[in-house]
file coords_25.txt (compact mmCIF, C-alpha atoms and all ligand atoms)
# COMPACT_ATOMS: atom_id res chain seq x y z
CA MET A 1 44.07 -35.05 83.87
CA PRO A 2 40.46 -33.91 83.53
CA LEU A 3 38.41 -35.00 80.51
CA PHE A 4 38.27 -32.10 78.08
CA GLY A 5 35.39 -31.60 75.70
CA ALA A 6 32.90 -29.24 74.14
CA HIS A 7 29.21 -28.87 73.43
CA MET A 8 28.70 -30.16 69.88
CA SER A 9 25.89 -29.60 67.41
CA ILE A 10 23.51 -32.41 66.41
CA ALA A 11 22.64 -30.71 63.10
CA GLY A 12 22.33 -33.44 60.47
CA GLY A 13 21.70 -36.14 63.10
CA LEU A 14 22.60 -37.02 66.69
CA SER A 15 25.61 -39.13 65.66
CA LYS A 16 27.14 -36.15 63.83
CA ALA A 17 28.08 -34.72 67.24
CA ILE A 18 30.14 -37.85 67.96
CA ASP A 19 31.87 -37.64 64.55
CA ALA A 20 32.75 -33.98 65.15
CA ALA A 21 33.94 -34.71 68.72
CA THR A 22 36.19 -37.47 67.37
CA THR A 23 37.68 -35.11 64.78
CA LEU A 24 38.50 -32.65 67.58
CA GLU A 25 39.98 -35.49 69.69
CA LEU A 26 37.64 -34.71 72.58
CA GLU A 27 37.53 -36.90 75.67
CA THR A 28 34.00 -35.86 76.59
CA VAL A 29 31.07 -34.25 74.79
CA GLN A 30 27.78 -32.49 75.51
CA ILE A 31 24.77 -32.37 73.18
CA PHE A 32 21.16 -31.26 73.06
CA THR A 33 18.96 -34.29 72.33
CA HIS A 34 16.36 -32.01 70.75
CA SER A 35 16.39 -28.42 69.48
CA PRO A 36 16.76 -26.45 72.77
CA SER A 37 14.53 -23.58 71.65
CA GLN A 38 11.64 -25.80 70.55
CA TRP A 39 9.27 -27.86 72.68
CA SER A 40 9.70 -31.61 72.33
CA VAL A 41 6.18 -32.06 73.75
CA GLN A 42 2.91 -31.04 72.11
CA PRO A 43 -0.65 -30.62 73.46
CA THR A 44 -3.04 -33.58 73.26
CA THR A 45 -6.84 -33.82 73.53
CA ASP A 46 -6.57 -36.09 76.59
CA PRO A 47 -7.20 -34.02 79.75
CA LYS A 48 -5.44 -36.68 81.87
CA LYS A 49 -2.30 -36.48 79.78
CA PRO A 50 -2.29 -32.96 78.33
CA TRP A 51 1.22 -33.18 76.85
CA ALA A 52 2.88 -35.88 74.81
CA ALA A 53 6.43 -36.35 73.58
CA LYS A 54 7.66 -38.24 70.56
CA ALA A 55 10.43 -40.73 71.29
CA LEU A 56 13.65 -40.64 69.27
CA ALA A 57 13.64 -42.77 66.11
CA ASP A 58 15.20 -46.21 66.70
CA ASP A 59 17.67 -45.82 63.84
CA ALA A 60 18.91 -42.46 65.21
CA VAL A 61 19.42 -44.05 68.64
CA SER A 62 21.34 -47.02 67.27
CA ALA A 63 23.49 -44.84 64.97
CA PHE A 64 24.38 -42.67 67.98
CA ARG A 65 25.12 -45.60 70.27
CA THR A 66 27.29 -47.28 67.63
CA ALA A 67 29.25 -44.07 67.01
CA LEU A 68 29.67 -43.43 70.76
CA ALA A 69 30.87 -46.98 71.46
CA ALA A 70 33.37 -46.79 68.59
CA SER A 71 34.69 -43.38 69.69
CA SER A 72 37.35 -42.68 72.31
CA LEU A 73 34.92 -40.47 74.26
CA GLN A 74 34.87 -41.42 77.94
CA CYS A 75 31.71 -39.59 78.94
CA ALA A 76 28.77 -38.10 77.03
CA THR A 77 26.29 -35.64 78.50
CA ALA A 78 23.03 -33.97 77.46
CA HIS A 79 21.88 -30.43 78.27
CA ASP A 80 18.16 -29.78 78.63
CA SER A 81 15.99 -27.37 76.63
CA TYR A 82 15.97 -23.66 77.51
CA LEU A 83 12.16 -23.68 77.51
CA ILE A 84 11.80 -26.07 80.43
CA ASN A 85 10.97 -24.31 83.70
CA LEU A 86 10.34 -26.61 86.65
CA ALA A 87 10.00 -23.56 88.95
CA SER A 88 7.22 -21.95 86.93
CA PRO A 89 4.20 -20.69 88.92
CA ASP A 90 2.14 -21.06 85.71
CA GLU A 91 0.49 -24.48 86.01
CA THR A 92 0.29 -25.05 82.24
CA LEU A 93 3.97 -24.24 81.71
CA TYR A 94 4.89 -26.31 84.78
CA GLN A 95 3.06 -29.39 83.50
CA ARG A 96 4.51 -28.98 80.03
CA SER A 97 8.00 -28.61 81.53
CA LEU A 98 7.54 -31.71 83.65
CA THR A 99 6.55 -33.80 80.62
CA ALA A 100 9.34 -32.29 78.52
CA PHE A 101 11.96 -32.96 81.20
CA THR A 102 10.78 -36.55 81.60
CA ALA A 103 11.14 -36.88 77.81
CA GLU A 104 14.69 -35.44 78.12
CA MET A 105 15.42 -38.21 80.64
CA HIS A 106 14.08 -40.89 78.29
CA ARG A 107 16.15 -39.58 75.36
CA ALA A 108 19.33 -39.32 77.44
CA GLU A 109 18.81 -42.83 78.81
CA ALA A 110 18.09 -44.28 75.36
CA LEU A 111 21.31 -42.70 74.04
CA GLY A 112 23.38 -44.08 76.92
CA LEU A 113 24.41 -40.66 78.25
CA ALA A 114 25.95 -40.34 81.70
CA TYR A 115 24.46 -36.97 82.67
CA LEU A 116 21.63 -34.60 81.88
CA VAL A 117 22.57 -31.03 82.83
CA MET A 118 19.65 -28.74 83.63
CA HIS A 119 18.97 -25.17 84.68
CA PRO A 120 16.94 -25.37 87.90
CA GLY A 121 14.29 -22.85 86.77
CA THR A 122 12.81 -19.40 87.25
CA PRO A 123 9.99 -18.54 89.66
CA THR A 124 8.66 -15.71 87.50
CA ASP A 125 6.53 -14.41 90.39
CA GLY A 126 9.72 -13.77 92.40
CA ASP A 127 8.89 -16.29 95.14
CA GLU A 128 12.14 -18.30 95.42
CA LYS A 129 10.94 -20.60 98.20
CA ALA A 130 7.83 -21.65 96.28
CA GLY A 131 9.96 -22.07 93.14
CA ILE A 132 12.35 -24.42 94.93
CA LYS A 133 9.37 -26.38 96.27
CA ARG A 134 8.01 -26.84 92.74
CA ILE A 135 11.42 -28.06 91.52
CA VAL A 136 11.60 -30.55 94.40
CA ARG A 137 8.06 -31.77 93.65
CA ALA A 138 9.00 -32.16 89.98
CA PHE A 139 12.09 -34.24 90.75
CA ASP A 140 10.20 -36.50 93.11
CA LYS A 141 7.80 -37.22 90.23
CA ILE A 142 10.58 -37.58 87.66
CA HIS A 143 12.57 -39.95 89.88
CA LYS A 144 9.48 -42.11 90.33
CA ALA A 145 8.76 -42.15 86.60
CA CYS A 146 12.42 -42.84 85.76
CA ALA A 147 13.34 -45.27 88.53
CA LYS A 148 16.37 -47.42 87.63
CA PHE A 149 17.55 -45.00 84.94
CA LYS A 150 21.33 -44.80 84.73
CA VAL A 151 21.46 -41.17 83.56
CA MET A 152 22.04 -38.71 86.41
CA VAL A 153 20.56 -35.21 86.45
CA LEU A 154 23.03 -32.41 87.21
CA LEU A 155 21.66 -29.12 88.55
CA GLU A 156 23.68 -26.33 86.97
CA THR A 157 24.92 -23.25 88.81
CA THR A 158 23.51 -20.18 87.04
CA ALA A 159 24.55 -16.55 86.57
CA GLY A 160 21.27 -15.42 88.15
CA GLN A 161 19.84 -13.40 85.27
CA GLY A 162 16.42 -12.02 86.20
CA MET A 163 14.74 -14.28 88.73
CA THR A 164 16.62 -17.45 87.76
CA LEU A 165 17.40 -19.85 90.61
CA GLY A 166 20.82 -21.50 90.97
CA HIS A 167 23.06 -18.46 91.38
CA ARG A 168 23.49 -19.21 95.07
CA PHE A 169 24.92 -22.58 96.12
CA GLU A 170 22.18 -22.57 98.78
CA HIS A 171 19.49 -22.82 96.07
CA LEU A 172 20.97 -26.09 94.79
CA ALA A 173 21.51 -27.31 98.36
CA ALA A 174 17.82 -26.66 99.13
CA ILE A 175 16.78 -28.76 96.11
CA LEU A 176 19.13 -31.59 97.11
CA ASP A 177 17.87 -31.41 100.71
CA GLY A 178 14.25 -31.35 99.60
CA VAL A 179 14.06 -34.31 97.22
CA LYS A 180 13.26 -37.81 98.48
CA ASP A 181 16.18 -39.33 96.56
CA PRO A 182 19.15 -36.90 96.46
CA ASP A 183 21.45 -39.72 95.25
CA GLN A 184 19.86 -39.30 91.83
CA LEU A 185 21.07 -35.69 91.57
CA GLY A 186 24.48 -34.10 91.12
CA VAL A 187 25.77 -30.63 90.28
CA CYS A 188 27.40 -29.01 87.23
CA LEU A 189 29.52 -25.92 87.97
CA ASP A 190 29.78 -23.37 85.16
CA THR A 191 32.81 -21.09 85.67
CA CYS A 192 31.24 -18.17 83.78
CA HIS A 193 28.00 -18.46 85.73
CA VAL A 194 29.48 -18.65 89.24
CA PHE A 195 31.81 -15.71 88.46
CA ALA A 196 28.91 -13.62 87.12
CA ALA A 197 26.92 -14.66 90.20
CA GLY A 198 29.62 -13.22 92.48
CA TYR A 199 31.81 -16.21 93.44
CA PRO A 200 35.48 -15.37 92.75
CA LEU A 201 37.68 -18.04 91.10
CA ALA A 202 41.06 -16.31 91.44
CA PRO A 203 43.53 -15.65 92.98
CA SER A 204 44.05 -19.01 94.62
CA ASP A 205 42.87 -17.89 98.09
CA ASP A 206 39.53 -16.80 96.63
CA TYR A 207 39.33 -19.92 94.48
CA GLU A 208 39.76 -22.04 97.61
CA LYS A 209 37.15 -19.98 99.46
CA THR A 210 34.60 -20.49 96.69
CA PHE A 211 35.11 -24.27 96.64
CA LYS A 212 35.07 -24.38 100.43
CA ASN A 213 31.78 -22.53 100.27
CA PHE A 214 30.51 -25.05 97.69
CA ASP A 215 31.65 -27.92 99.90
CA VAL A 216 29.93 -26.54 102.98
CA SER A 217 26.58 -25.89 101.29
CA ILE A 218 26.41 -28.66 98.68
CA GLY A 219 29.34 -31.06 99.19
CA LEU A 220 32.18 -31.49 96.69
CA ASP A 221 31.16 -35.14 96.21
CA LYS A 222 28.07 -33.81 94.37
CA LEU A 223 30.20 -31.96 91.80
CA LYS A 224 30.29 -34.18 88.71
CA LEU A 225 31.04 -31.89 85.76
CA PHE A 226 32.30 -28.43 84.83
CA HIS A 227 31.27 -26.07 82.10
CA VAL A 228 34.49 -24.18 81.37
CA ASN A 229 33.63 -20.77 79.97
CA ASP A 230 35.24 -17.35 80.35
CA SER A 231 32.86 -14.41 80.88
CA LYS A 232 32.16 -11.43 78.61
CA LYS A 233 30.57 -9.67 81.59
CA PRO A 234 32.29 -8.55 84.81
CA PHE A 235 32.34 -10.22 88.23
CA GLY A 236 28.96 -10.16 89.95
CA SER A 237 27.16 -8.80 86.87
CA ARG A 238 24.54 -11.59 87.04
CA VAL A 239 24.68 -11.66 83.23
CA ASP A 240 25.38 -14.91 81.37
CA ARG A 241 27.64 -14.32 78.33
CA HIS A 242 30.32 -16.87 77.53
CA GLU A 243 33.75 -15.91 76.18
CA TRP A 244 36.79 -17.83 74.88
CA ILE A 245 39.14 -19.08 77.58
CA GLY A 246 41.47 -16.29 78.71
CA HIS A 247 39.72 -13.62 76.64
CA GLY A 248 37.13 -12.51 79.19
CA HIS A 249 36.89 -11.14 82.72
CA LEU A 250 37.98 -14.47 84.23
CA GLY A 251 41.30 -14.57 82.44
CA LEU A 252 43.53 -17.66 82.49
CA GLU A 253 44.23 -18.00 86.23
CA PRO A 254 40.92 -19.63 87.30
CA PHE A 255 41.32 -22.22 84.54
CA ARG A 256 44.94 -22.89 85.51
CA LEU A 257 43.81 -23.51 89.10
CA LEU A 258 40.92 -25.70 87.95
CA VAL A 259 42.75 -28.00 85.51
CA ASN A 260 45.52 -28.58 88.08
CA ASP A 261 43.16 -29.22 91.00
CA MET A 262 43.64 -32.88 91.95
CA ARG A 263 40.11 -33.03 93.40
CA PHE A 264 38.74 -32.59 89.88
CA ALA A 265 41.39 -34.56 87.99
CA LYS A 266 38.92 -37.07 86.54
CA LEU A 267 35.92 -34.84 85.92
CA PRO A 268 34.57 -33.76 82.50
CA MET A 269 35.30 -30.11 81.66
CA ILE A 270 33.13 -28.96 78.77
CA LEU A 271 33.49 -25.80 76.70
CA GLU A 272 30.36 -23.84 75.78
CA THR A 273 32.28 -20.94 74.25
CA PRO A 274 31.53 -19.20 70.92
CA LYS A 275 32.46 -21.60 68.13
CA GLU A 276 33.84 -19.09 65.64
CA GLY A 277 36.59 -16.48 65.82
CA PRO A 278 36.42 -13.00 64.27
CA ASN A 279 37.46 -14.37 60.88
CA GLY A 280 35.21 -17.42 61.02
CA GLU A 281 38.01 -19.65 62.28
CA ALA A 282 37.15 -22.65 64.49
CA MET A 283 37.74 -21.69 68.12
CA ASP A 284 37.14 -25.02 69.92
CA PRO A 285 40.64 -26.32 69.02
CA VAL A 286 42.15 -23.03 70.25
CA ASN A 287 40.30 -23.15 73.58
CA LEU A 288 41.11 -26.84 74.08
CA ARG A 289 44.79 -26.15 73.46
CA THR A 290 44.69 -23.25 75.92
CA LEU A 291 43.21 -25.50 78.63
CA ARG A 292 45.62 -28.37 77.97
CA GLU A 293 48.62 -26.03 78.02
CA LEU A 294 47.67 -24.89 81.53
CA ILE A 295 48.22 -28.38 82.91
CA GLY A 296 51.32 -28.42 85.13
CA LYS A 297 51.80 -24.65 84.85
CA LYS A 298 52.82 -22.85 88.03
CA LYS A 299 51.64 -19.45 86.80
CA SER A 300 49.17 -18.45 84.08
CA ALA A 301 50.97 -15.37 82.79
ZN ZN B 401 26.79 -23.95 81.19
ZN ZN B 402 25.70 -19.79 80.31
call {"tool": "encode", "arguments": {"input": "coords_25.txt", "output": "structure tokens"}}
result
Amino acid sequence: MPLFGAHMSIAGGLSKAIDAATTLELETVQIFTHSPSQWSVQPTTDPKKPWAAKALADDAVSAFRTALAASSLQCATAHDSYLINLASPDETLYQRSLTAFTAEMHRAEALGLAYLVMHPGTPTDGDEKAGIKRIVRAFDKIHKACAKFKVMVLLETTAGQGMTLGHRFEHLAAILDGVKDPDQLGVCLDTCHVFAAGYPLAPSDDYEKTFKNFDVSIGLDKLKLFHVNDSKKPFGSRVDRHEWIGHGHLGLEPFRLLVNDMRFAKLPMILETPKEGPNGEAMDPVNLRTLRELIGKKKSA
């Protein structure tokens, strides 16, 4: 059976996410290690090192590690900040992103996390090739600065809003082919994103075609984690809006195929769906139950 989990809030402290995950009986969890809409790096007066990050407080790290070790979670993952753009043609933003992503690596490593999921980036000038080159250059630097780190970076498939890279498997393949050390990178597949990007996930023939396509361009051995989200927006819309499992344009069938796919039987599958229902009820338990009930089912309807 896959490891089921959800993205959990770190409000009130990093270890709070572990407490909440334990209450929900999750097998895996994803967190932000810093507020995702705020920079973790600030400008300095040193022209050689224009950006600096503050490390996590030692007591926060040890509280998190203690809680994680005591929990029944089998895998914990971080997701990077939305502000980071390693494909940016703006040199200032690129350098800030590089420092911020390196700081993400240090935080994830300090916390003992297995993976750091990241959005590849957006070449805001529309030049995809140059954007991919900048991402490759960034990872070569990051891998050098973080040699021997245990945490693995996962490039996430994206919906392809605007000029965002990652909505074609070939974009991720080009990054993996370009870096000096591809063994340090894996891939996270988000069901909502690939569907919005135009890769069908049902019926089963189309599901197989999409994963065949993934295997040919990237290699299924690179696939380490899933984000399991339904989509508020239709197939091929290139718009990224997550919905509760079975309530969106994906419906239940892609999730039934996924949770019963023996190739992915040990992989983390993490919900990033809206937390609250129309009456303020907690929706994570509902979505987790929906996923677990699909195990062993021959038909979703
Ligand atoms: Zn995602
Ligand atoms: Zn998304």
call {"tool": "closest_atom_pairs", "arguments": {"input": "coords_25.txt", "of": "chain A", "to": "ligand ZN 401 (chain B)", "cutoff": "9 Å", "atoms": "all atoms listed in the file", "output": "tab-separated table"}}
result
residue	atom	partner	partner_atom	distance
A:His79	CA	B:ZN401	ZN	8.6
A:Val117	CA	B:ZN401	ZN	8.4
A:Met118	CA	B:ZN401	ZN	8.9
A:His119	CA	B:ZN401	ZN	8.6
A:Glu156	CA	B:ZN401	ZN	7.0
A:Thr157	CA	B:ZN401	ZN	7.9
A:Thr158	CA	B:ZN401	ZN	7.7
A:Cys188	CA	B:ZN401	ZN	7.9
A:Leu189	CA	B:ZN401	ZN	7.6
A:Asp190	CA	B:ZN401	ZN	5.0
A:Thr191	CA	B:ZN401	ZN	8.0
A:Cys192	CA	B:ZN401	ZN	7.7
A:His193	CA	B:ZN401	ZN	7.2
A:Phe226	CA	B:ZN401	ZN	8.0
A:His227	CA	B:ZN401	ZN	5.0
A:Val228	CA	B:ZN401	ZN	7.7
A:Asn229	CA	B:ZN401	ZN	7.6
A:His242	CA	B:ZN401	ZN	8.7
A:Ile270	CA	B:ZN401	ZN	8.4
A:Leu271	CA	B:ZN401	ZN	8.3
A:Glu272	CA	B:ZN401	ZN	6.5
call {"tool": "residues_around", "arguments": {"input": "coords_25.txt", "residues": "Leu220 in chain A", "least_positions_apart": "2", "cutoff": "10 Å", "atoms": "only C-alpha atoms", "output": "MDAnalysis selection string"}}
result
chainID A and resid 186:187 211:218 222:224 263:264
call {"tool": "closest_residue", "arguments": {"input": "coords_25.txt", "among": "A:Asp284, A:Glu243, A:Glu109, A:Glu104", "to": "ligand ZN 402 (chain B)", "atoms": "all atoms listed in the file"}}
result
A:Glu243
call {"tool": "closest_residue", "arguments": {"input": "coords_25.txt", "among": "A:Gly246, A:Pro254, A:Gly280, A:Gly219", "to": "Pro200 in chain A", "atoms": "all atoms listed in the file"}}
result
A:Pro254
call {"tool": "closest_atom_pairs", "arguments": {"input": "coords_25.txt", "of": "range 70-111 of chain A", "to": "range 130-142 of chain A", "cutoff": "9 Å", "atoms": "only C-alpha atoms", "output": "JSON lines"}}
result
{"residue": "A:Asn85", "atom": "CA", "partner": "A:Ile135", "partner_atom": "CA", "distance": 8.7}
{"residue": "A:Leu86", "atom": "CA", "partner": "A:Ile135", "partner_atom": "CA", "distance": 5.2}
{"residue": "A:Ala87", "atom": "CA", "partner": "A:Gly131", "partner_atom": "CA", "distance": 4.4}
{"residue": "A:Ser88", "atom": "CA", "partner": "A:Gly131", "partner_atom": "CA", "distance": 6.8}
{"residue": "A:Pro89", "atom": "CA", "partner": "A:Gly131", "partner_atom": "CA", "distance": 7.3}
{"residue": "A:Tyr94", "atom": "CA", "partner": "A:Arg134", "partner_atom": "CA", "distance": 8.6}
{"residue": "A:Leu98", "atom": "CA", "partner": "A:Ala138", "partner_atom": "CA", "distance": 6.5}
{"residue": "A:Thr99", "atom": "CA", "partner": "A:Ile142", "partner_atom": "CA", "distance": 8.9}
{"residue": "A:Phe101", "atom": "CA", "partner": "A:Ile142", "partner_atom": "CA", "distance": 8.1}
{"residue": "A:Thr102", "atom": "CA", "partner": "A:Ile142", "partner_atom": "CA", "distance": 6.2}
{"residue": "A:Met105", "atom": "CA", "partner": "A:Ile142", "partner_atom": "CA", "distance": 8.6}
call {"tool": "residues_around", "arguments": {"input": "coords_25.txt", "residues": "Arg107 in chain A", "least_positions_apart": "4", "cutoff": "12 Å", "atoms": "all atoms listed in the file", "output": "ChimeraX atom specification"}}
result
/A:14,31-34,40,53-58,60-61,64-65,77-80,100-103,111-116,146,149-151
call {"tool": "residues_around", "arguments": {"input": "coords_25.txt", "residues": "range 164-167 of chain A", "least_positions_apart": "4", "cutoff": "6 Å", "atoms": "only C-alpha atoms", "output": "list of chain:residue names"}}
result
A:Gly121, A:Thr122, A:Thr157, A:Thr158, A:Ala159, A:Gly160, A:His171, A:Leu172, A:Ala197
call {"tool": "residues_near_point", "arguments": {"input": "coords_25.txt", "point": "(36.5, -27.1, 73.5)", "cutoff": "10 Å", "atoms": "all atoms listed in the file", "output": "PyMOL selection string"}}
result
chain A and resi 4-8+21+24-26+28-29+228-229+244-245+269-275+283-291
call {"tool": "axis_aligned_box", "arguments": {"input": "coords_25.txt", "around": "range 221-228 of chain A", "padding_each_side": "6 Å", "output": "AutoDock Vina command-line options"}}
result
--center_x 31.3 --center_y -29.7 --center_z 88.8 --size_x 18.4 --size_y 23.0 --size_z 26.8
call {"tool": "closest_residue", "arguments": {"input": "coords_25.txt", "among": "A:Ala265, A:Val194, A:Cys75, A:Ala67", "to": "ligand ZN 402 (chain B)", "atoms": "all atoms listed in the file"}}
result
A:Val194
call {"tool": "atom_distance", "arguments": {"input": "coords_25.txt", "atom1": "CA of Gly162 in chain A", "atom2": "CA of Phe255 in chain A"}}
result
27.0 Å
call {"tool": "closest_residue", "arguments": {"input": "coords_25.txt", "among": "A:Asp46, A:Asp125, A:Asp230, A:Asp240", "to": "ligand ZN 402 (chain B)", "atoms": "only C-alpha atoms and all ligand atoms"}}
result
A:Asp240
call {"tool": "atom_distance", "arguments": {"input": "coords_25.txt", "atom1": "CA of Gly126 in chain A", "atom2": "CA of Val179 in chain A"}}
result
21.5 Å
